[in-house]
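Worksheet for the structure shown next.
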Amino acid sequence: MEEECLVQVEENKQVIFRGFVEGTPKETDLQVVVGKKIELKAPPKGSGAFLVKNLYLSCDPYMRGRMRDFHDSYLPPFLPGQPLQGFGVSKVVDSDHPNFKPGEFISGITGWEEYSLIRTTELSRKIKPNDIPLSYHVGLLGMPGFTAYAGFYEVCSPKKGESVLVSAASGAVGQLVGQLAKLLGCYVVGSCGSSQKVDLLRNKLGFDEAFNYKEEPDLGAALKRYFPQGIDIYFDNVGGDMLDAALVNMKIHGRIAVCGMVSEKNLSDPQGIRNVYNLITKRIRMQGFLQSDYIHLFPRFLEHVISYYKQGKIVYIEDMNEGLESAPSAFVGLFLGENVGKQVIRVAHE
């Protein structure tokens, strides 16, 4: 009789989505539980699946849209009672997939849990070993970084010497947009929500100017102060009052890349903007986009941004939370402006 191999079994801590959300998410909308024990083994031959140990999880504003009972979007809603899903960096534990071998590091969509079984591999990428932190593959070299790259170069069509406004400028996307604009030779101003972030934008990220929008009673006047000749490019991460103020201050033939709407407190009851008439009089091009529209550019993005980083031409700021227990507060903090830089959860050490 053949001796059976002993398969290691581990508890699997998870962050469970408790139910659909109206308004700003709260910590009580998520629950950290110890799920059923999991065998650290891939399914039988022919499944094409592989098992990973999650190391880093990405907190991203787009995830709030998946917390609604709304099915007419580019991503389906989360399932109540199931773990959240999002971008992460993981290590392969066991595999029935020829392209992903035990011990390799990958980035892609994974569960908010200690161990995940990956069955759909289209969004999984192997990480080539280098001297860049693994966590950067959910930030600078991941979806947020690529969003900045594609949105700035492809949607904004920038030219040297143009004037650029970036909102949520110290966040995961905004901090790279501003640095790419500076490398191109643009004048760059960032808006953010604290004096600490203003200092970071000016002194670490190299923005020409930065301001705390919470201290500006009149956003239109503030933008006029920083852009007396008008704005060529507005990279919009927030929508709302800042978008309204920017529309009034755009130059003729200005471009607005609509990347996010984090100011919207309730996606089921959206607020309108008032100054849309400027799109006509100033011939402004305002375009929404998803980074996945430009996925064919991802290899070029990696090449350029890794080169800039290794040359010291760009820096990247992370806000790292330790352990799955911190996940609910880290995620909710995104919508309260508490994160400084890219919000990441470290699930386990490498």
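Residue numbers start at 1 in each chain; chains themselves are named A, B, ... in the order of the structure tokens; ligands are numbered from 1 in the order shown.
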Cut-off 10 Å: closest segment 105-223 of chain A/segment 253-261 of chain A atom pairs per residue, using only C-alpha atoms, as CSV:
residue,atom,partner,partner_atom,distance
A:Thr147,CA,A:Cys259,CA,8.1
A:Ala148,CA,A:Cys259,CA,8.8
A:Gly151,CA,A:Ala257,CA,6.5
A:Phe152,CA,A:Ala257,CA,7.6
A:Glu154,CA,A:Ala257,CA,9.6
A:Val155,CA,A:Ala257,CA,6.1
A:Cys156,CA,A:Arg255,CA,5.7
A:Ser157,CA,A:Arg255,CA,8.0
A:Pro158,CA,A:Arg255,CA,8.9
A:Glu162,CA,A:Gly254,CA,9.9
A:Ser163,CA,A:Gly254,CA,9.7
A:Val164,CA,A:Arg255,CA,9.7
A:Leu165,CA,A:Ile256,CA,9.5
A:Val166,CA,A:Ala257,CA,9.9
A:Ser167,CA,A:Gly260,CA,9.6
A:Ala168,CA,A:Gly260,CA,9.5
A:Val173,CA,A:Cys259,CA,9.1
A:Gly174,CA,A:Cys259,CA,9.9
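Running DSSP on the backbone gives strand (DSSP E) for these residues within segment 261-335 of chain A: Arg285, Met286, Gln287, Gly288, Glu318, Asp319, Met320, Asn321 and Glu322 of chain A.
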Would you mind listing what lies within 10 Å of Val347 of chain A as an MDAnalysis selection string, with only C-alpha atoms counted and same-chain residues fewer than 3 positions away left out?
-> chainID A and resid 13 53:57 88:90 112:115 321:327 344 350
Considering only C-alpha atoms, return as a list in words whatever protein or nucleic-acid residues lie within 12 Å of Ile314 of chain A, sequence-local ones (same chain, fewer than 6 positions apart) excluded.
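Counting only the stated atoms, we get Leu140, Gly145, Gln175, Leu176, Val177, Gly178, Gln179, Leu180, Ala181, Lys182, Leu183, Lys204, Leu205, Gly206, Phe207, His304, Val305, Ile306, Ser307 and Tyr308 of chain A.
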Go through A:Val276, A:Ala221, A:Leu334, A:Val33 and flag the residue nearest Leu243 of chain A, using only C-alpha atoms for the distances.
->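 Among the listed residues, A:Val276 lies closest to Leu243 of chain A.
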Counting only C-alpha atoms, what is within 10 Å of Lys37 of chain A, bar same-chain residues fewer than 5 positions away, as number ranges by chain?
A: 9-13
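Between atom CA of Ala42 of chain A and atom CA of Ser95 of chain A the separation is 5.3 Å.
For the choices A:Leu336, A:Arg300, A:Ile295, A:Asp241, the atom-to-atom distance to Gly272 of chain A is smallest for A:Asp241 when using only C-alpha atoms.
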Do you know which residues are at most 9 Å from Leu30 of chain A counting only C-alpha atoms, after dropping those on the same chain fewer than 4 positions away, and could you put them as a ChimeraX atom specification? /A:15-19,25-26,84,327-328
Put those residues in a file: all heavy atoms, as a short mmCIF file (atom, residue, chain, number, x, y, z; two decimals), in the first residue's frame.
data_model
loop_
_atom_site.label_atom_id
_atom_site.label_comp_id
_atom_site.auth_asym_id
_atom_site.auth_seq_id
_atom_site.Cartn_x
_atom_site.Cartn_y
_atom_site.Cartn_z
N VAL A 15 -11.50 38.57 5.20
CA VAL A 15 -12.28 39.81 5.39
C VAL A 15 -13.57 39.65 4.59
O VAL A 15 -13.55 39.63 3.36
CB VAL A 15 -11.51 41.05 4.92
CG1 VAL A 15 -12.34 42.31 5.15
CG2 VAL A 15 -10.17 41.16 5.65
N ILE A 16 -14.67 39.51 5.31
CA ILE A 16 -15.97 39.19 4.70
C ILE A 16 -16.77 40.48 4.45
O ILE A 16 -16.82 41.38 5.29
CB ILE A 16 -16.78 38.26 5.63
CG1 ILE A 16 -16.02 36.94 5.86
CG2 ILE A 16 -18.17 37.99 5.07
CD1 ILE A 16 -15.83 36.12 4.62
N PHE A 17 -17.38 40.52 3.26
CA PHE A 17 -18.30 41.61 2.90
C PHE A 17 -19.67 41.27 3.48
O PHE A 17 -20.28 40.27 3.10
CB PHE A 17 -18.36 41.73 1.38
CG PHE A 17 -19.34 42.75 0.87
CD1 PHE A 17 -19.32 44.06 1.34
CD2 PHE A 17 -20.27 42.40 -0.11
CE1 PHE A 17 -20.23 44.99 0.85
CE2 PHE A 17 -21.16 43.33 -0.60
CZ PHE A 17 -21.14 44.63 -0.11
N ARG A 18 -20.15 42.09 4.40
CA ARG A 18 -21.35 41.73 5.16
C ARG A 18 -22.65 42.01 4.41
O ARG A 18 -23.66 41.33 4.65
CB ARG A 18 -21.35 42.45 6.51
CG ARG A 18 -20.17 42.05 7.39
CD ARG A 18 -20.25 42.67 8.76
NE ARG A 18 -21.38 42.13 9.52
CZ ARG A 18 -21.74 42.57 10.72
NH1 ARG A 18 -21.07 43.54 11.29
NH2 ARG A 18 -22.76 42.04 11.35
N GLY A 19 -22.66 43.02 3.55
CA GLY A 19 -23.90 43.33 2.83
C GLY A 19 -23.77 44.63 2.07
O GLY A 19 -22.85 45.42 2.29
N PRO A 25 -18.64 53.71 2.97
CA PRO A 25 -18.48 52.45 3.72
C PRO A 25 -18.04 52.69 5.16
O PRO A 25 -17.33 53.66 5.46
CB PRO A 25 -17.37 51.73 2.93
CG PRO A 25 -17.40 52.33 1.57
CD PRO A 25 -17.81 53.76 1.76
N LYS A 26 -18.47 51.80 6.04
CA LYS A 26 -18.10 51.83 7.45
C LYS A 26 -17.34 50.55 7.78
O LYS A 26 -17.50 49.54 7.10
CB LYS A 26 -19.33 51.97 8.35
CG LYS A 26 -20.23 53.15 8.03
CD LYS A 26 -21.41 53.24 8.98
CE LYS A 26 -22.38 52.06 8.84
NZ LYS A 26 -23.03 52.00 7.52
N LEU A 84 -13.94 39.90 0.33
CA LEU A 84 -13.69 40.90 -0.70
C LEU A 84 -12.65 40.36 -1.68
O LEU A 84 -11.89 39.44 -1.37
CB LEU A 84 -13.15 42.18 -0.08
CG LEU A 84 -14.07 43.04 0.77
CD1 LEU A 84 -13.33 44.30 1.21
CD2 LEU A 84 -15.33 43.43 0.02
N ALA A 327 -7.59 45.61 7.96
CA ALA A 327 -8.16 45.86 6.65
C ALA A 327 -9.42 46.74 6.67
O ALA A 327 -9.53 47.68 5.87
CB ALA A 327 -8.46 44.54 5.94
N PRO A 328 -10.39 46.50 7.56
CA PRO A 328 -11.59 47.35 7.53
C PRO A 328 -11.27 48.83 7.75
O PRO A 328 -11.77 49.70 7.02
CB PRO A 328 -12.45 46.78 8.67
CG PRO A 328 -12.05 45.35 8.75
CD PRO A 328 -10.57 45.35 8.48
#
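With atom CA of Tyr226 of chain A on one side and atom CA of Tyr187 of chain A on the other, the separation reads 10.1 Å.
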- Determine which residues of segment 193-337 of chain A DSSP labels as helix (DSSP H, G or I) from the backbone of this structure, then write them out as a PyMOL selection string. chain A and resi 195-203+213-215+219-226+240-249+278-281+291-310+324-334
Q) Out of A:Asn99, A:Gln229, A:Val340, A:Phe146, which residue has the shortest atom-to-atom distance to Phe298 of chain A when counting only C-alpha atoms? A)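 Closest residue, counting only C-alpha atoms: A:Phe146.
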Check your understanding: How many Å lie between atom CA of Gln291 of chain A and atom CA of Tyr149 of chain A, rounded to one decimal?
Key ->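 Rounded to one decimal, the two atoms are 8.8 Å apart.
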